[in-house]
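query_1.tsv follows; it contains TSV, C-alpha atoms and all ligand atoms.
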chain	number	residue	atom	x	y	z
A	1	MET	CA	58.89	1.52	-49.29
A	2	VAL	CA	55.42	0.01	-49.19
A	3	THR	CA	52.28	0.85	-51.10
A	4	LEU	CA	49.29	1.55	-48.89
A	5	PRO	CA	45.78	0.48	-49.94
A	6	SER	CA	45.17	4.14	-50.85
A	7	GLY	CA	47.89	3.82	-53.48
A	8	THR	CA	50.33	6.14	-51.75
A	9	SER	CA	53.86	5.01	-51.03
A	10	MET	CA	55.21	5.03	-47.53
A	11	ASN	CA	58.78	4.63	-46.38
A	12	VAL	CA	58.57	2.48	-43.27
A	13	CYS	CA	62.34	2.60	-42.71
A	14	PRO	CA	63.32	6.19	-43.49
A	15	SER	CA	66.92	5.73	-42.37
A	16	ALA	CA	67.56	2.35	-43.92
A	17	GLY	CA	70.67	2.19	-46.01
A	18	ILE	CA	71.91	-0.68	-48.11
A	19	CYS	CA	69.89	-3.10	-45.99
A	20	ALA	CA	66.71	-1.99	-47.77
A	21	GLN	CA	67.91	-3.76	-50.92
A	22	LEU	CA	68.30	-7.08	-49.12
A	23	CYS	CA	65.66	-6.59	-46.46
A	24	PHE	CA	64.57	-9.78	-44.76
A	25	ALA	CA	61.00	-8.47	-44.70
A	26	ARG	CA	60.83	-8.67	-48.50
A	27	GLN	CA	61.54	-12.37	-48.51
A	28	GLY	CA	60.26	-15.74	-47.36
A	29	THR	CA	57.08	-15.89	-45.32
A	30	TYR	CA	56.86	-12.08	-45.31
A	31	ARG	CA	55.65	-12.42	-48.91
A	32	PHE	CA	52.69	-14.65	-48.02
A	33	SER	CA	49.46	-12.78	-48.66
A	34	ASN	CA	48.10	-13.40	-45.15
A	35	VAL	CA	51.34	-12.22	-43.55
A	36	ARG	CA	51.46	-9.12	-45.76
A	37	ALA	CA	47.82	-8.36	-44.94
A	38	ALA	CA	48.48	-8.66	-41.21
A	39	HIS	CA	51.50	-6.36	-41.41
A	40	MET	CA	49.59	-3.88	-43.53
A	41	GLY	CA	46.78	-3.84	-40.98
A	42	ASP	CA	49.28	-3.15	-38.20
A	43	LEU	CA	50.98	-0.43	-40.22
A	44	LEU	CA	47.69	1.31	-41.01
A	45	LEU	CA	47.03	1.53	-37.28
A	46	THR	CA	50.15	3.66	-36.88
A	47	VAL	CA	49.47	6.37	-39.43
A	48	ASP	CA	47.44	9.54	-39.50
A	49	ASP	CA	44.11	9.50	-37.67
A	50	ALA	CA	44.53	5.88	-36.53
A	51	LEU	CA	47.60	6.59	-34.38
A	52	PRO	CA	45.71	7.68	-31.22
A	53	ARG	CA	43.68	4.48	-31.39
A	54	PHE	CA	46.89	2.44	-31.78
A	55	GLU	CA	48.32	4.12	-28.70
A	56	GLU	CA	45.17	3.42	-26.74
A	57	MET	CA	45.04	-0.24	-27.83
A	58	MET	CA	48.71	-0.88	-27.07
A	59	SER	CA	48.55	0.85	-23.70
A	60	GLU	CA	45.54	-1.25	-22.79
A	61	GLU	CA	47.10	-4.48	-24.06
A	62	LEU	CA	50.29	-3.99	-22.08
A	63	GLN	CA	48.36	-3.88	-18.83
A	64	HIS	CA	47.68	-7.61	-19.20
A	65	ARG	CA	49.52	-9.82	-16.72
A	66	ARG	CA	51.12	-11.89	-19.47
A	67	TYR	CA	53.58	-9.06	-20.07
A	68	ARG	CA	54.64	-8.69	-16.44
A	69	GLY	CA	58.35	-9.36	-16.05
A	70	ARG	CA	58.70	-9.78	-19.81
A	71	PHE	CA	60.57	-8.05	-22.60
A	72	VAL	CA	58.42	-6.74	-25.41
A	73	ARG	CA	60.04	-6.24	-28.79
A	74	LEU	CA	58.79	-3.36	-30.90
A	75	HIS	CA	58.54	-4.15	-34.62
A	76	ASP	CA	59.58	-7.32	-36.32
A	77	ALA	CA	60.19	-5.31	-39.47
A	78	GLY	CA	60.08	-1.64	-40.26
A	79	ASP	CA	61.11	1.17	-37.98
A	80	PHE	CA	59.90	4.37	-36.36
A	81	HIS	CA	58.55	5.93	-39.52
A	82	SER	CA	57.60	9.28	-38.03
A	83	ARG	CA	58.24	11.42	-35.00
A	84	ALA	CA	54.55	11.15	-34.05
A	85	TYR	CA	54.79	7.36	-34.10
A	86	LEU	CA	57.96	7.37	-31.98
A	87	LYS	CA	56.34	9.70	-29.46
A	88	ALA	CA	53.29	7.46	-29.28
A	89	TRP	CA	55.54	4.52	-28.39
A	90	LEU	CA	57.34	6.56	-25.74
A	91	ARG	CA	53.98	7.32	-24.11
A	92	ILE	CA	52.89	3.68	-24.44
A	93	MET	CA	56.08	2.49	-22.73
A	94	ASP	CA	55.69	5.11	-20.04
A	95	SER	CA	52.15	3.89	-19.31
A	96	ALA	CA	53.15	0.23	-19.02
A	97	PRO	CA	53.69	-1.46	-15.65
A	98	GLU	CA	57.24	-0.95	-14.38
A	99	ASP	CA	58.20	-4.60	-14.76
A	100	VAL	CA	57.45	-4.63	-18.47
A	101	SER	CA	60.61	-3.94	-20.48
A	102	PHE	CA	60.94	-2.98	-24.12
A	103	TYR	CA	63.54	-3.29	-26.82
A	104	CYS	CA	63.80	-2.60	-30.50
A	105	TYR	CA	66.24	-2.38	-33.34
A	106	THR	CA	66.27	0.96	-35.07
A	107	LYS	CA	68.22	3.14	-37.41
A	108	GLU	CA	66.21	6.20	-36.41
A	109	VAL	CA	68.76	7.70	-34.07
A	110	CYS	CA	67.94	11.28	-35.12
A	111	LEU	CA	64.14	11.35	-34.70
A	201	LIG	S1	63.33	-3.71	-41.80
A	201	LIG	FE1	65.45	-3.60	-41.16
A	201	LIG	S2	66.59	-4.60	-42.81
A	201	LIG	FE2	64.57	-4.09	-43.62
A	201	LIG	S3	64.88	-2.07	-44.60
A	201	LIG	FE3	64.10	-1.74	-42.52
A	201	LIG	S4	65.98	-1.39	-41.35
A	201	LIG	FE4	66.59	-2.40	-43.24
For the structure just supplied, provide its representation as structure tokens.
Ligand code: SF4
Amino acid sequence: MVTLPSGTSMNVCPSAGICAQLCFARQGTYRFSNVRAAHMGDLLLTVDDALPRFEEMMSEELQHRRYRGRFVRLHDAGDFHSRAYLKAWLRIMDSAPEDVSFYCYTKEVCL
């Protein structure tokens, strides 16, 4: 659970179990203010009205040649927090060049 700048709480790992109590993303460098700010900025791009812009930016970014023949990991913390967000990623992956591969770790097997 994270608190957005608006003050509302958001569960970024809806299917997390016991791991949420010991989550690596609550420790170490993840607690640095600059790291937290960067992650919050990324998260805010994936919610509500910002999501279409996130999809557009990621689709554009993945056209760059540096990703060709590479594996791109989705998320370094958090998970697919909504069906809309998951579907955006599916479209982003579909729009990427064929030699760009993706992987992620997720507990959202039911979305
Ligand atoms: S980031 Fe990973 S370890 Fe942390 S709560 Fe989410 S699923 Fe669990």
### Query
Using only C-alpha atoms and all ligand atoms, which protein or nucleic acid residues are at most 9 Å from ligand LIG 201 (chain A), as a ChimeraX atom specification?
/A:1,12-26,75-79,105-107
### Task
Would you mind telling me which residue in A:Met58, A:Ser33, A:Thr3, A:Gln27 lies nearest to A:Leu45 when using all atoms listed in the file?
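Smallest separation from A:Leu45 among the options: A:Met58.
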#### Entry: Residue contacts of A:Arg70 (6 Å, all atoms listed in the file) excluding same-chain residues fewer than 2 positions away, as number ranges by chain
A: 67-68, 100
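You will find atom CA of A:Arg66 at 24.5 Å from atom CA of A:Tyr85.
If you look at atom CA of A:Asp42 and atom CA of A:Gly69, they are 24.7 Å away from each other.
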Work out where the centre of an axis-aligned box around every listed atom of stretch 15-20 of chain A lies and how long its edges are once 5 Å is added on each side; give both in Å to one decimal as lines of an AutoDock Vina configuration file.
center_x = 69.3
center_y = 1.3
center_z = -45.2
size_x = 15.2
size_y = 18.8
size_z = 15.7
### Query
For the atom pair atom CA of A:Val47 and atom CA of A:Leu62, what is the interatomic distance in Å to one decimal place?
20.2 Å
### Task
Please identify all polymer residues within 10 Å of A:Trp89, counting all atoms listed in the file, omitting same-chain residues fewer than 5 positions from it, and present them as a ChimeraX atom specification.
/A:54-55,58-59,74,80,83-84,94-95
### Message
Just checking: using all atoms listed in the file, which residue out of A:Ala96, A:Val2, A:Arg73, A:Phe102 ends up closest to A:Arg36?
### Response
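The answer is A:Val2, which sits nearest to A:Arg36.
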### Task
Select, from A:Met93, A:Asn11, A:Pro5, A:Glu98, the residue with the minimum atom-to-atom distance to A:Arg65, counting only C-alpha atoms.
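Distance minimum relative to A:Arg65 lands on A:Glu98.
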### Query
From the set A:Asp49, A:Lys87, A:Pro97, A:His81, which residue has the shortest atom-to-atom contact distance to A:His64, counting all atoms listed in the file?
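Closest candidate: A:Pro97.
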Emit stretch 8-89 of chain A of the structure in the block as a file comprising C-alpha atoms, as a PDB file, in the first residue's frame.
ATOM      1  CA  THR A   8      -5.376   8.393  -1.199  1.00  0.00           C
ATOM      2  CA  SER A   9      -3.980   4.941  -0.566  1.00  0.00           C
ATOM      3  CA  MET A  10      -3.234   2.612  -3.417  1.00  0.00           C
ATOM      4  CA  ASN A  11      -2.467  -1.079  -3.306  1.00  0.00           C
ATOM      5  CA  VAL A  12       0.257  -1.580  -5.890  1.00  0.00           C
ATOM      6  CA  CYS A  13       0.414  -5.337  -5.264  1.00  0.00           C
ATOM      7  CA  PRO A  14      -3.218  -6.400  -4.872  1.00  0.00           C
ATOM      8  CA  SER A  15      -2.398 -10.110  -4.716  1.00  0.00           C
ATOM      9  CA  ALA A  16       0.625  -9.909  -2.458  1.00  0.00           C
ATOM     10  CA  GLY A  17       0.494 -12.230   0.486  1.00  0.00           C
ATOM     11  CA  ILE A  18       2.920 -12.491   3.352  1.00  0.00           C
ATOM     12  CA  CYS A  19       5.639 -10.954   1.173  1.00  0.00           C
ATOM     13  CA  ALA A  20       4.062  -7.522   1.652  1.00  0.00           C
ATOM     14  CA  GLN A  21       5.206  -7.542   5.278  1.00  0.00           C
ATOM     15  CA  LEU A  22       8.830  -8.116   4.312  1.00  0.00           C
ATOM     16  CA  CYS A  23       8.781  -6.445   0.922  1.00  0.00           C
ATOM     17  CA  PHE A  24      12.204  -5.593  -0.430  1.00  0.00           C
ATOM     18  CA  ALA A  25      10.783  -2.352  -1.834  1.00  0.00           C
ATOM     19  CA  ARG A  26      10.205  -1.040   1.694  1.00  0.00           C
ATOM     20  CA  GLN A  27      13.852  -1.338   2.590  1.00  0.00           C
ATOM     21  CA  GLY A  28      17.330  -0.127   1.722  1.00  0.00           C
ATOM     22  CA  THR A  29      17.762   2.298  -1.140  1.00  0.00           C
ATOM     23  CA  TYR A  30      14.028   2.125  -1.903  1.00  0.00           C
ATOM     24  CA  ARG A  31      13.580   4.379   1.137  1.00  0.00           C
ATOM     25  CA  PHE A  32      15.817   7.143  -0.215  1.00  0.00           C
ATOM     26  CA  SER A  33      13.732  10.213  -0.958  1.00  0.00           C
ATOM     27  CA  ASN A  34      14.990  10.524  -4.541  1.00  0.00           C
ATOM     28  CA  VAL A  35      14.290   6.850  -5.240  1.00  0.00           C
ATOM     29  CA  ARG A  36      10.819   7.089  -3.694  1.00  0.00           C
ATOM     30  CA  ALA A  37      10.090  10.215  -5.731  1.00  0.00           C
ATOM     31  CA  ALA A  38      11.160   8.509  -8.952  1.00  0.00           C
ATOM     32  CA  HIS A  39       8.997   5.471  -8.237  1.00  0.00           C
ATOM     33  CA  MET A  40       6.060   7.662  -7.300  1.00  0.00           C
ATOM     34  CA  GLY A  41       6.427   9.571 -10.567  1.00  0.00           C
ATOM     35  CA  ASP A  42       6.413   6.305 -12.501  1.00  0.00           C
ATOM     36  CA  LEU A  43       3.411   5.011 -10.580  1.00  0.00           C
ATOM     37  CA  LEU A  44       1.416   8.188 -11.179  1.00  0.00           C
ATOM     38  CA  LEU A  45       1.925   7.689 -14.902  1.00  0.00           C
ATOM     39  CA  THR A  46       0.052   4.396 -14.684  1.00  0.00           C
ATOM     40  CA  VAL A  47      -3.139   5.515 -13.008  1.00  0.00           C
ATOM     41  CA  ASP A  48      -6.341   7.152 -14.139  1.00  0.00           C
ATOM     42  CA  ASP A  49      -6.070   9.769 -16.876  1.00  0.00           C
ATOM     43  CA  ALA A  50      -2.285   9.395 -17.163  1.00  0.00           C
ATOM     44  CA  LEU A  51      -2.413   5.772 -18.342  1.00  0.00           C
ATOM     45  CA  PRO A  52      -2.921   6.515 -22.069  1.00  0.00           C
ATOM     46  CA  ARG A  53       0.095   8.821 -21.976  1.00  0.00           C
ATOM     47  CA  PHE A  54       2.141   6.094 -20.238  1.00  0.00           C
ATOM     48  CA  GLU A  55       1.180   3.647 -22.966  1.00  0.00           C
ATOM     49  CA  GLU A  56       2.130   6.130 -25.662  1.00  0.00           C
ATOM     50  CA  MET A  57       5.487   6.942 -24.023  1.00  0.00           C
ATOM     51  CA  MET A  58       6.418   3.298 -23.474  1.00  0.00           C
ATOM     52  CA  SER A  59       5.394   2.274 -26.976  1.00  0.00           C
ATOM     53  CA  GLU A  60       7.514   5.076 -28.388  1.00  0.00           C
ATOM     54  CA  GLU A  61      10.476   4.299 -26.137  1.00  0.00           C
ATOM     55  CA  LEU A  62      10.529   0.632 -27.077  1.00  0.00           C
ATOM     56  CA  GLN A  63      11.003   1.483 -30.736  1.00  0.00           C
ATOM     57  CA  HIS A  64      14.555   2.619 -29.932  1.00  0.00           C
ATOM     58  CA  ARG A  65      17.293   0.358 -31.271  1.00  0.00           C
ATOM     59  CA  ARG A  66      18.829  -0.135 -27.832  1.00  0.00           C
ATOM     60  CA  TYR A  67      16.033  -2.573 -27.023  1.00  0.00           C
ATOM     61  CA  ARG A  68      16.450  -4.695 -30.143  1.00  0.00           C
ATOM     62  CA  GLY A  69      17.339  -8.267 -29.237  1.00  0.00           C
ATOM     63  CA  ARG A  70      17.008  -7.439 -25.535  1.00  0.00           C
ATOM     64  CA  PHE A  71      14.824  -8.560 -22.669  1.00  0.00           C
ATOM     65  CA  VAL A  72      12.887  -5.817 -20.947  1.00  0.00           C
ATOM     66  CA  ARG A  73      11.777  -6.398 -17.374  1.00  0.00           C
ATOM     67  CA  LEU A  74       8.480  -4.880 -16.319  1.00  0.00           C
ATOM     68  CA  HIS A  75       8.497  -3.453 -12.781  1.00  0.00           C
ATOM     69  CA  ASP A  76      11.295  -3.616 -10.297  1.00  0.00           C
ATOM     70  CA  ALA A  77       8.712  -3.460  -7.529  1.00  0.00           C
ATOM     71  CA  GLY A  78       4.965  -3.492  -7.490  1.00  0.00           C
ATOM     72  CA  ASP A  79       2.711  -5.430  -9.799  1.00  0.00           C
ATOM     73  CA  PHE A  80      -0.133  -5.092 -12.267  1.00  0.00           C
ATOM     74  CA  HIS A  81      -2.357  -3.034 -10.015  1.00  0.00           C
ATOM     75  CA  SER A  82      -5.376  -2.904 -12.302  1.00  0.00           C
ATOM     76  CA  ARG A  83      -6.825  -4.636 -15.313  1.00  0.00           C
ATOM     77  CA  ALA A  84      -6.527  -1.389 -17.299  1.00  0.00           C
ATOM     78  CA  TYR A  85      -2.814  -1.219 -16.498  1.00  0.00           C
ATOM     79  CA  LEU A  86      -2.271  -4.852 -17.492  1.00  0.00           C
ATOM     80  CA  LYS A  87      -4.106  -4.304 -20.771  1.00  0.00           C
ATOM     81  CA  ALA A  88      -1.999  -1.231 -21.480  1.00  0.00           C
ATOM     82  CA  TRP A  89       1.143  -3.339 -21.084  1.00  0.00           C
TER      83      TRP A  89
END
